[in-house]
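A.B. asks: Dropping in work-v6.txt, which is compact mmCIF, C-alpha atoms:
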# COMPACT_ATOMS: atom_id res chain seq x y z
CA MET A 1 0.00 0.00 0.00
CA ARG A 2 1.50 3.31 -1.07
CA LEU A 3 -0.65 5.85 0.71
CA GLU A 4 1.04 8.91 -0.76
CA TYR A 5 0.42 7.63 -4.29
CA PHE A 6 -3.15 6.59 -3.53
CA GLN A 7 -2.24 3.01 -4.46
CA LEU A 8 -4.23 1.23 -1.82
CA ILE A 9 -4.38 -2.31 -3.23
CA ASP A 10 -1.30 -4.50 -2.92
CA ARG A 11 -2.52 -7.51 -4.87
CA ILE A 12 -5.59 -8.98 -6.48
CA VAL A 13 -6.11 -12.37 -4.87
CA GLU A 14 -8.97 -13.51 -7.09
CA ILE A 15 -11.35 -12.11 -9.66
CA ASP A 16 -14.45 -14.15 -10.41
CA ILE A 17 -15.86 -12.80 -13.67
CA GLU A 18 -18.88 -15.10 -13.66
CA GLY A 19 -19.65 -14.43 -10.02
CA ARG A 20 -18.90 -10.73 -10.57
CA LYS A 21 -16.72 -10.42 -7.48
CA LEU A 22 -13.13 -9.68 -6.56
CA ARG A 23 -10.91 -10.26 -3.57
CA ALA A 24 -7.81 -8.20 -2.88
CA GLU A 25 -5.31 -7.65 -0.10
CA ALA A 26 -3.36 -4.72 1.22
CA THR A 27 -1.14 -4.07 4.20
CA VAL A 28 -1.22 -0.69 5.90
CA PRO A 29 2.36 0.66 6.05
CA THR A 30 3.95 0.98 9.45
CA ALA A 31 5.26 4.44 8.62
CA SER A 32 3.76 7.28 6.57
CA THR A 33 3.65 11.05 6.79
CA ILE A 34 -0.13 10.66 6.99
CA PHE A 35 0.22 9.13 10.44
CA GLU A 36 2.15 12.17 11.65
CA GLY A 37 -1.09 14.09 11.47
CA HIS A 38 -3.65 11.29 11.76
CA PHE A 39 -3.01 11.24 14.69
CA PRO A 40 0.08 12.35 16.64
CA GLY A 41 0.83 9.56 19.10
CA TYR A 42 -2.19 7.57 17.89
CA PRO A 43 -1.74 6.55 14.23
CA LEU A 44 -4.91 5.42 12.46
CA MET A 45 -5.62 4.57 8.83
CA PRO A 46 -7.93 7.45 7.80
CA GLY A 47 -11.51 6.37 7.22
CA VAL A 48 -11.62 8.19 3.88
CA LEU A 49 -8.69 6.06 2.71
CA LEU A 50 -10.51 2.90 3.78
CA MET A 51 -13.39 4.11 1.63
CA GLU A 52 -10.98 4.79 -1.23
CA ALA A 53 -9.55 1.28 -0.82
CA MET A 54 -13.06 -0.17 -1.14
CA ALA A 55 -13.59 1.99 -4.23
CA GLN A 56 -10.30 0.79 -5.76
CA ALA A 57 -11.18 -2.87 -5.16
CA SER A 58 -14.55 -2.23 -6.81
CA GLY A 59 -12.87 -0.33 -9.61
CA TRP A 60 -10.55 -3.23 -10.44
CA LEU A 61 -13.55 -5.53 -10.48
CA ILE A 62 -15.32 -3.26 -12.99
CA ILE A 63 -12.18 -2.95 -15.11
CA GLY A 64 -11.99 -6.75 -15.19
CA LEU A 65 -15.64 -7.12 -16.10
CA THR A 66 -15.44 -4.49 -18.84
CA LYS A 67 -12.19 -5.97 -20.13
CA PHE A 68 -10.23 -2.76 -19.71
CA THR A 69 -12.53 -0.83 -22.05
CA ARG A 70 -13.90 1.54 -19.43
CA MET A 71 -12.49 3.54 -16.56
CA PRO A 72 -14.74 3.66 -13.48
CA PHE A 73 -14.81 7.03 -11.71
CA LEU A 74 -16.18 7.27 -8.20
CA ALA A 75 -19.62 8.92 -8.10
CA ALA A 76 -21.31 8.07 -4.80
CA PHE A 77 -21.06 6.18 -1.54
CA LYS A 78 -24.14 4.91 0.24
CA GLU A 79 -24.43 3.39 3.66
CA ALA A 80 -20.70 3.67 4.25
CA LYS A 81 -19.91 2.34 7.70
CA LEU A 82 -16.55 2.59 9.43
CA ARG A 83 -16.88 0.00 12.15
CA SER A 84 -13.43 -0.33 13.72
CA PHE A 85 -10.10 1.47 13.80
CA VAL A 86 -7.41 0.23 11.43
CA THR A 87 -3.82 0.72 12.50
CA PRO A 88 -0.39 0.65 10.80
CA GLY A 89 0.84 -2.84 9.93
CA GLN A 90 -2.57 -4.46 9.70
CA THR A 91 -3.47 -6.50 6.61
CA LEU A 92 -6.78 -5.79 4.93
CA ALA A 93 -8.89 -8.34 3.07
CA LEU A 94 -11.01 -6.44 0.54
CA ASP A 95 -14.06 -7.88 -1.17
CA ALA A 96 -16.06 -6.21 -3.93
CA THR A 97 -19.20 -7.52 -5.61
CA LEU A 98 -21.06 -6.04 -8.54
CA LEU A 99 -24.66 -5.23 -7.64
CA HIS A 100 -25.70 -3.77 -10.98
CA GLU A 101 -24.19 -3.04 -14.36
CA GLY A 102 -26.10 -0.13 -15.84
CA SER A 103 -25.60 1.88 -19.00
CA GLY A 104 -22.61 4.08 -18.24
CA TYR A 105 -22.62 3.32 -14.55
CA SER A 106 -22.11 0.42 -12.15
CA VAL A 107 -23.00 -0.18 -8.52
CA THR A 108 -20.96 -2.37 -6.19
CA LYS A 109 -20.94 -3.36 -2.58
CA ALA A 110 -17.58 -3.61 -0.90
CA GLU A 111 -16.19 -4.50 2.49
CA ILE A 112 -12.89 -4.75 4.31
CA ARG A 113 -12.03 -7.28 6.97
CA VAL A 114 -9.04 -7.45 9.31
CA GLY A 115 -8.39 -10.84 10.83
CA GLY A 116 -11.83 -11.92 9.69
CA LYS A 117 -13.56 -9.04 11.43
CA LEU A 118 -15.61 -6.60 9.35
CA VAL A 119 -14.11 -3.11 9.71
CA CYS A 120 -16.00 -1.20 7.00
CA ASN A 121 -18.50 -1.65 4.18
CA ALA A 122 -20.37 0.46 1.64
CA GLU A 123 -22.43 0.54 -1.51
CA ILE A 124 -20.56 2.44 -4.21
CA THR A 125 -21.67 3.96 -7.53
CA PHE A 126 -19.28 4.60 -10.41
CA ARG A 127 -19.57 6.44 -13.70
CA LEU A 128 -17.98 4.42 -16.50
CA VAL A 129 -16.28 6.31 -19.29
CA GLU A 130 -13.78 5.55 -21.99
CA PHE A 131 -10.19 5.97 -20.86
CA PRO A 132 -9.49 9.71 -21.17
CA SER A 133 -6.14 9.09 -22.87
CA PRO A 134 -3.95 6.20 -24.07
CA GLU A 135 -1.37 7.20 -21.45
CA PHE A 136 -3.94 6.84 -18.71
CA ARG A 137 -4.89 3.35 -19.89
CA THR A 138 -1.24 2.35 -20.17
CA SER A 139 -0.55 3.54 -16.64
CA MET A 140 -3.56 1.57 -15.36
CA GLU A 141 -2.31 -1.53 -17.15
CA GLN A 142 1.07 -1.07 -15.47
CA VAL A 143 -0.57 -0.76 -12.07
CA ALA A 144 -2.67 -3.83 -12.89
CA GLN A 145 0.47 -5.79 -13.57
CA SER A 146 2.07 -4.59 -10.34
CA ILE A 147 -0.87 -5.78 -8.24
CA ALA A 148 -1.13 -9.19 -9.96
CA PHE A 149 -4.30 -8.44 -11.89
CA PRO A 150 -4.86 -12.00 -13.14
CA ARG A 151 -4.13 -12.99 -16.69
CA GLU A 152 -7.42 -14.84 -17.03
CA ALA A 153 -9.19 -11.51 -16.73
CA PRO A 154 -8.69 -10.25 -20.29
CA THR A 155 -6.98 -6.90 -20.43
CA HIS A 156 -7.90 -6.13 -24.03
CA ALA A 157 -11.28 -5.92 -25.72
CA MET B 158 -51.97 7.53 -14.98
CA SER B 159 -50.08 4.34 -15.77
CA SER B 160 -48.58 2.16 -13.09
CA THR B 161 -45.20 2.76 -14.73
CA PHE B 162 -45.62 6.50 -14.24
CA ASN B 163 -46.70 6.06 -10.62
CA THR B 164 -43.68 3.85 -9.94
CA VAL B 165 -41.33 6.35 -11.56
CA VAL B 166 -42.87 9.19 -9.56
CA ASN B 167 -42.25 7.27 -6.35
CA ILE B 168 -38.65 6.57 -7.36
CA ILE B 169 -37.96 10.22 -8.23
CA ALA B 170 -39.70 11.53 -5.13
CA GLU B 171 -37.77 9.24 -2.81
CA THR B 172 -34.42 9.41 -4.58
CA CYS B 173 -34.33 13.13 -5.27
CA ASP B 174 -36.48 14.42 -2.39
CA ILE B 175 -38.99 16.05 -4.74
CA GLU B 176 -42.66 16.57 -3.81
CA ARG B 177 -44.83 14.02 -5.61
CA ALA B 178 -47.37 16.70 -6.55
CA THR B 179 -44.79 18.57 -8.61
CA ILE B 180 -43.94 15.53 -10.75
CA LYS B 181 -46.19 15.49 -13.83
CA PRO B 182 -46.21 13.38 -17.00
CA GLU B 183 -45.13 16.48 -18.92
CA SER B 184 -42.28 17.24 -16.50
CA HIS B 185 -38.78 17.22 -17.97
CA ALA B 186 -36.57 15.35 -15.51
CA ILE B 187 -33.67 17.74 -15.94
CA ASN B 188 -35.16 21.07 -17.01
CA ASP B 189 -38.31 21.04 -14.86
CA LEU B 190 -37.45 18.81 -11.92
CA GLY B 191 -33.79 19.83 -11.70
CA ILE B 192 -32.51 16.28 -11.40
CA ASP B 193 -28.74 16.45 -11.87
CA SER B 194 -26.59 13.75 -13.44
CA LEU B 195 -25.63 12.14 -10.13
CA ASP B 196 -29.22 11.93 -8.89
CA PHE B 197 -30.22 10.62 -12.31
CA LEU B 198 -27.77 7.74 -11.80
CA ASP B 199 -29.67 6.85 -8.63
CA VAL B 200 -32.98 7.15 -10.47
CA ALA B 201 -31.67 4.96 -13.30
CA PHE B 202 -30.40 2.36 -10.82
CA ALA B 203 -33.79 2.23 -9.09
CA ILE B 204 -35.67 2.03 -12.42
CA ASP B 205 -33.34 -0.69 -13.75
CA LYS B 206 -33.77 -2.73 -10.57
CA THR B 207 -37.51 -2.21 -10.24
CA PHE B 208 -38.37 -3.04 -13.84
CA GLY B 209 -35.59 -5.58 -14.46
CA ILE B 210 -34.22 -3.63 -17.42
CA LYS B 211 -31.10 -1.74 -18.46
CA MET B 212 -32.02 1.69 -19.71
CA PRO B 213 -29.63 2.52 -22.58
CA ILE B 214 -28.70 5.91 -21.16
CA GLU B 215 -25.40 6.07 -23.01
CA GLN B 216 -27.15 5.47 -26.32
CA TRP B 217 -29.79 8.09 -25.56
CA THR B 218 -27.15 10.62 -24.56
CA GLN B 219 -25.19 9.92 -27.72
CA GLU B 220 -28.30 10.41 -29.87
CA VAL B 221 -28.98 13.75 -28.17
CA ASN B 222 -25.35 14.84 -28.55
CA ASP B 223 -25.41 13.86 -32.23
CA GLY B 224 -28.61 15.84 -32.79
CA LYS B 225 -30.54 12.68 -33.71
CA ALA B 226 -32.93 13.02 -30.77
CA SER B 227 -34.11 15.71 -28.38
CA THR B 228 -33.78 15.43 -24.61
CA GLU B 229 -37.60 15.63 -24.48
CA GLN B 230 -37.85 12.25 -26.21
CA TYR B 231 -36.15 10.54 -23.30
CA PHE B 232 -36.40 12.82 -20.30
CA VAL B 233 -39.99 14.09 -20.35
CA LEU B 234 -41.53 11.61 -17.94
CA SER B 235 -44.39 10.42 -20.16
CA ASN B 236 -41.81 9.64 -22.85
CA LEU B 237 -39.42 8.05 -20.35
CA CYS B 238 -42.23 5.81 -19.11
CA ALA B 239 -43.04 4.81 -22.71
CA ARG B 240 -39.37 3.86 -23.21
CA ILE B 241 -39.47 1.84 -19.96
CA ASP B 242 -42.62 0.02 -21.10
CA GLU B 243 -40.92 -0.78 -24.43
CA LEU B 244 -37.86 -2.17 -22.64
CA VAL B 245 -40.03 -4.27 -20.32
CA ALA B 246 -41.99 -5.60 -23.32
CA THR B 247 -38.75 -6.45 -25.14
CA ARG B 248 -37.43 -8.27 -22.07
CA LYS B 249 -40.61 -10.33 -21.80
CA ALA B 250 -40.75 -11.11 -25.53
The structure in this file should be written as C-alpha cells.

C.D. replies:
Amino acid sequence: MRLEYFQLIDRIVEIDIEGRKLRAEATVPTASTIFEGHFPGYPLMPGVLLMEAMAQASGWLIIGLTKFTRMPFLAAFKEAKLRSFVTPGQTLALDATLLHEGSGYSVTKAEIRVGGKLVCNAEITFRLVEFPSPEFRTSMEQVAQSIAFPREAPTHA
Amino acid sequence: MSSTFNTVVNIIAETCDIERATIKPESHAINDLGIDSLDFLDVAFAIDKTFGIKMPIEQWTQEVNDGKASTEQYFVLSNLCARIDELVATRKA
C-alpha cells in the first residue's frame, strides 16, 4: 500500500468474472507522513482512505468485467460504515461484488475485513467512461500488472 | 396515470427528495425537476432494478449529442415511461 500515491491495493487475490466479485489484499504501512497528522501519538488509517480502498477494489472488479474498455470514476457512496479502527501494519482483506451493471454506470458493494472481522463496508456507484487518454490506460495496465491483476481476466477488448 | 408512471414518480420523489405533486407526465426530468446527473444515476439504478431492465442511457445521450434526438424524447416523464414500457416488453418477448 503506497498511501502517498493513492495506491491502496497490494494484490488482487482472485477475480471471479462469472460471479462478478473480486478479492484483494493490502497491508497498511507501518510508517507514513499521513500518520504524523492522523493522529500524533495515535496513528490510524484514515476512514476516507478505507473508503478509497473499497472503491479501488470495486474499480478493479469493474475494469476486469469491462475488459479494460472503461475507466470507473467514483460517483457516490451509500451506507458507508466505518466500524473499527485500522492501524499501521494491519493487513486488509477487501471484497467487492457487482450489484448492478447499468448503461454508463455500475454499482458495487464492498467490504474490508481485518483478521476476519468486518471493519467497513459500503455501496458504491461509479460512472464508467472511456479511458481519457492512451497514457492513462497504459498507466492503469502497469498498475494492474504490479498488483497481480490475473491474466485470465482479459486486459484487451 | 399508468402504473409505470406512478412507480417512476415514487422513485424520483424518494431518490431526489422532490414533492410528488410537482412531478407530472409532462415534466422534464432535468429542465423542470432539476434532477442532476448524479441523482439521475440513482434514479436509473432504481428504475433498472424495479423493472428488471437496463435503460440505454449512453445510447440516448449519444443520440442527443449527435442531434438525432431531443432530450424531451427521453427525459420528459411520459416519454421516459413509454421507453421503460418498451424495454419491459422487449425483455418479456

A.B. asks: Determine the nearest neighbour of chain A from the options B:Phe202, B:Tyr231, B:Phe197, B:Phe162, counting all atoms listed in the file.

C.D. replies: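 Of B:Phe202, B:Tyr231, B:Phe197, B:Phe162, the one nearest chain A, counting all atoms listed in the file, is B:Phe202.
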
A.B. asks: Counting all atoms listed in the file, what is within 10 Å of Phe208 (chain B), bar same-chain residues fewer than 6 positions away, as a list in words?

C.D. replies: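 Close residues of Phe208 (chain B): Thr161, Thr164, Ile241, Asp242, Leu244, Val245 and Arg248 of chain B.
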
A.B. asks: Using all atoms listed in the file, which of the listed residues (B:Thr228, B:Ile210, B:Asn236, B:Ala246) sits closest to chain A?

C.D. replies: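 Of all the options, B:Ile210 lies closest to chain A.
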
A.B. asks: Check which residues of region 39-73 of chain A sit at most 12 Å from region 106-114 of chain A using only C-alpha atoms, and return one row each with the closest pair of atoms and their distance in Å to one decimal, ordered by chain and rising number, as a Markdown table.

C.D. replies:
| residue | atom | partner | partner_atom | distance |
| --- | --- | --- | --- | --- |
| A:Gly47 | CA | A:Ile112 | CA | 11.6 |
| A:Leu49 | CA | A:Ile112 | CA | 11.7 |
| A:Leu50 | CA | A:Ile112 | CA | 8.0 |
| A:Met51 | CA | A:Glu111 | CA | 9.1 |
| A:Glu52 | CA | A:Ala110 | CA | 10.7 |
| A:Ala53 | CA | A:Ile112 | CA | 8.6 |
| A:Met54 | CA | A:Ala110 | CA | 5.7 |
| A:Ala55 | CA | A:Ala110 | CA | 7.6 |
| A:Gln56 | CA | A:Ala110 | CA | 9.8 |
| A:Ala57 | CA | A:Ala110 | CA | 7.7 |
| A:Ser58 | CA | A:Thr108 | CA | 6.4 |
| A:Gly59 | CA | A:Thr108 | CA | 9.0 |
| A:Trp60 | CA | A:Thr108 | CA | 11.3 |
| A:Leu61 | CA | A:Thr108 | CA | 9.1 |
| A:Ile62 | CA | A:Ser106 | CA | 7.8 |
| A:Ile63 | CA | A:Ser106 | CA | 10.9 |
| A:Leu65 | CA | A:Ser106 | CA | 10.7 |
| A:Thr66 | CA | A:Ser106 | CA | 10.6 |
| A:Arg70 | CA | A:Ser106 | CA | 11.0 |
| A:Met71 | CA | A:Ser106 | CA | 11.0 |
| A:Pro72 | CA | A:Ser106 | CA | 8.2 |
| A:Phe73 | CA | A:Ser106 | CA | 9.9 |

A.B. asks: Take the selection from the previous step and output its residues with C-alpha atoms, as a JSON list (two decimals), in the coordinates of the input.

C.D. replies:
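File produced: result.json:
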[["chain", "number", "residue", "atom", "x", "y", "z"],
["A", 47, "GLY", "CA", -11.51, 6.37, 7.22],
["A", 49, "LEU", "CA", -8.69, 6.06, 2.71],
["A", 50, "LEU", "CA", -10.51, 2.90, 3.78],
["A", 51, "MET", "CA", -13.39, 4.11, 1.63],
["A", 52, "GLU", "CA", -10.98, 4.79, -1.23],
["A", 53, "ALA", "CA", -9.55, 1.28, -0.82],
["A", 54, "MET", "CA", -13.06, -0.17, -1.14],
["A", 55, "ALA", "CA", -13.59, 1.99, -4.23],
["A", 56, "GLN", "CA", -10.30, 0.79, -5.76],
["A", 57, "ALA", "CA", -11.18, -2.87, -5.16],
["A", 58, "SER", "CA", -14.55, -2.23, -6.81],
["A", 59, "GLY", "CA", -12.87, -0.33, -9.61],
["A", 60, "TRP", "CA", -10.55, -3.23, -10.44],
["A", 61, "LEU", "CA", -13.55, -5.53, -10.48],
["A", 62, "ILE", "CA", -15.32, -3.26, -12.99],
["A", 63, "ILE", "CA", -12.18, -2.95, -15.11],
["A", 65, "LEU", "CA", -15.64, -7.12, -16.10],
["A", 66, "THR", "CA", -15.44, -4.49, -18.84],
["A", 70, "ARG", "CA", -13.90, 1.54, -19.43],
["A", 71, "MET", "CA", -12.49, 3.54, -16.56],
["A", 72, "PRO", "CA", -14.74, 3.66, -13.48],
["A", 73, "PHE", "CA", -14.81, 7.03, -11.71]]

A.B. asks: Tell me the residues of chain B close to chain A, meaning within 7 Å using all atoms listed in the file, as a list in words.

C.D. replies: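 Contact residues on the first chain: Lys211, Met212, Pro213, Ile214 and Glu215 of chain B.
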
A.B. asks: If I take CA of Ser139 (chain A) and CA of Leu44 (chain A), how far is one from the other in Å, to one decimal?

C.D. replies: 29.5 Å

A.B. asks: I'd like to know which of B:Cys173, B:Gly209, B:Val233, B:Arg240 is closest to Asp193 (chain B), using all atoms listed in the file.

C.D. replies: B:Cys173

A.B. asks: Using all atoms listed in the file, which residues sit within 9 Å of Leu234 (chain B) once same-chain residues fewer than 2 positions away are excluded, as number ranges by chain?

C.D. replies: B: 162, 165-166, 180-186, 229, 231-232, 236-239

A.B. asks: I need the residue nearest Gln90 (chain A) from this list: A:Ile9, A:Glu14, A:Thr30, A:Gln145. Use all atoms listed in the file for the distance.

C.D. replies: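 Closest to Gln90 (chain A) of all the choices is A:Thr30.
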
A.B. asks: CA of Val200 (chain B) and CA of Phe77 (chain A), how far apart in Å?

C.D. replies: 14.9 Å

A.B. asks: Figure out the distance between CA of Asp199 (chain B) and CA of Ile124 (chain A), please, to one decimal in Å.

C.D. replies: 11.0 Å

A.B. asks: Let me have the centre and edge lengths in Å, one decimal, of the box along x, y and z around every listed atom of region 204-212 of chain B with 6 Å of margin on each side, as lines of an AutoDock Vina configuration file.

C.D. replies:
center_x = -34.7
center_y = -1.8
center_z = -15.0
size_x = 19.3
size_y = 19.6
size_z = 21.5

A.B. asks: Rank nothing, just name the residue among B:Thr218, B:Ile168, B:Ser159, B:Thr247 nearest to Lys206 (chain B), using all atoms listed in the file.

C.D. replies: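 The answer is B:Ile168, which sits nearest to Lys206 (chain B).
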
A.B. asks: Which one of A:Ala96, A:Leu22, A:Val86, A:Ile17 sits closest to Pro43 (chain A) if you count all atoms listed in the file?

C.D. replies: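 Of A:Ala96, A:Leu22, A:Val86, A:Ile17, the one nearest Pro43 (chain A), counting all atoms listed in the file, is A:Val86.
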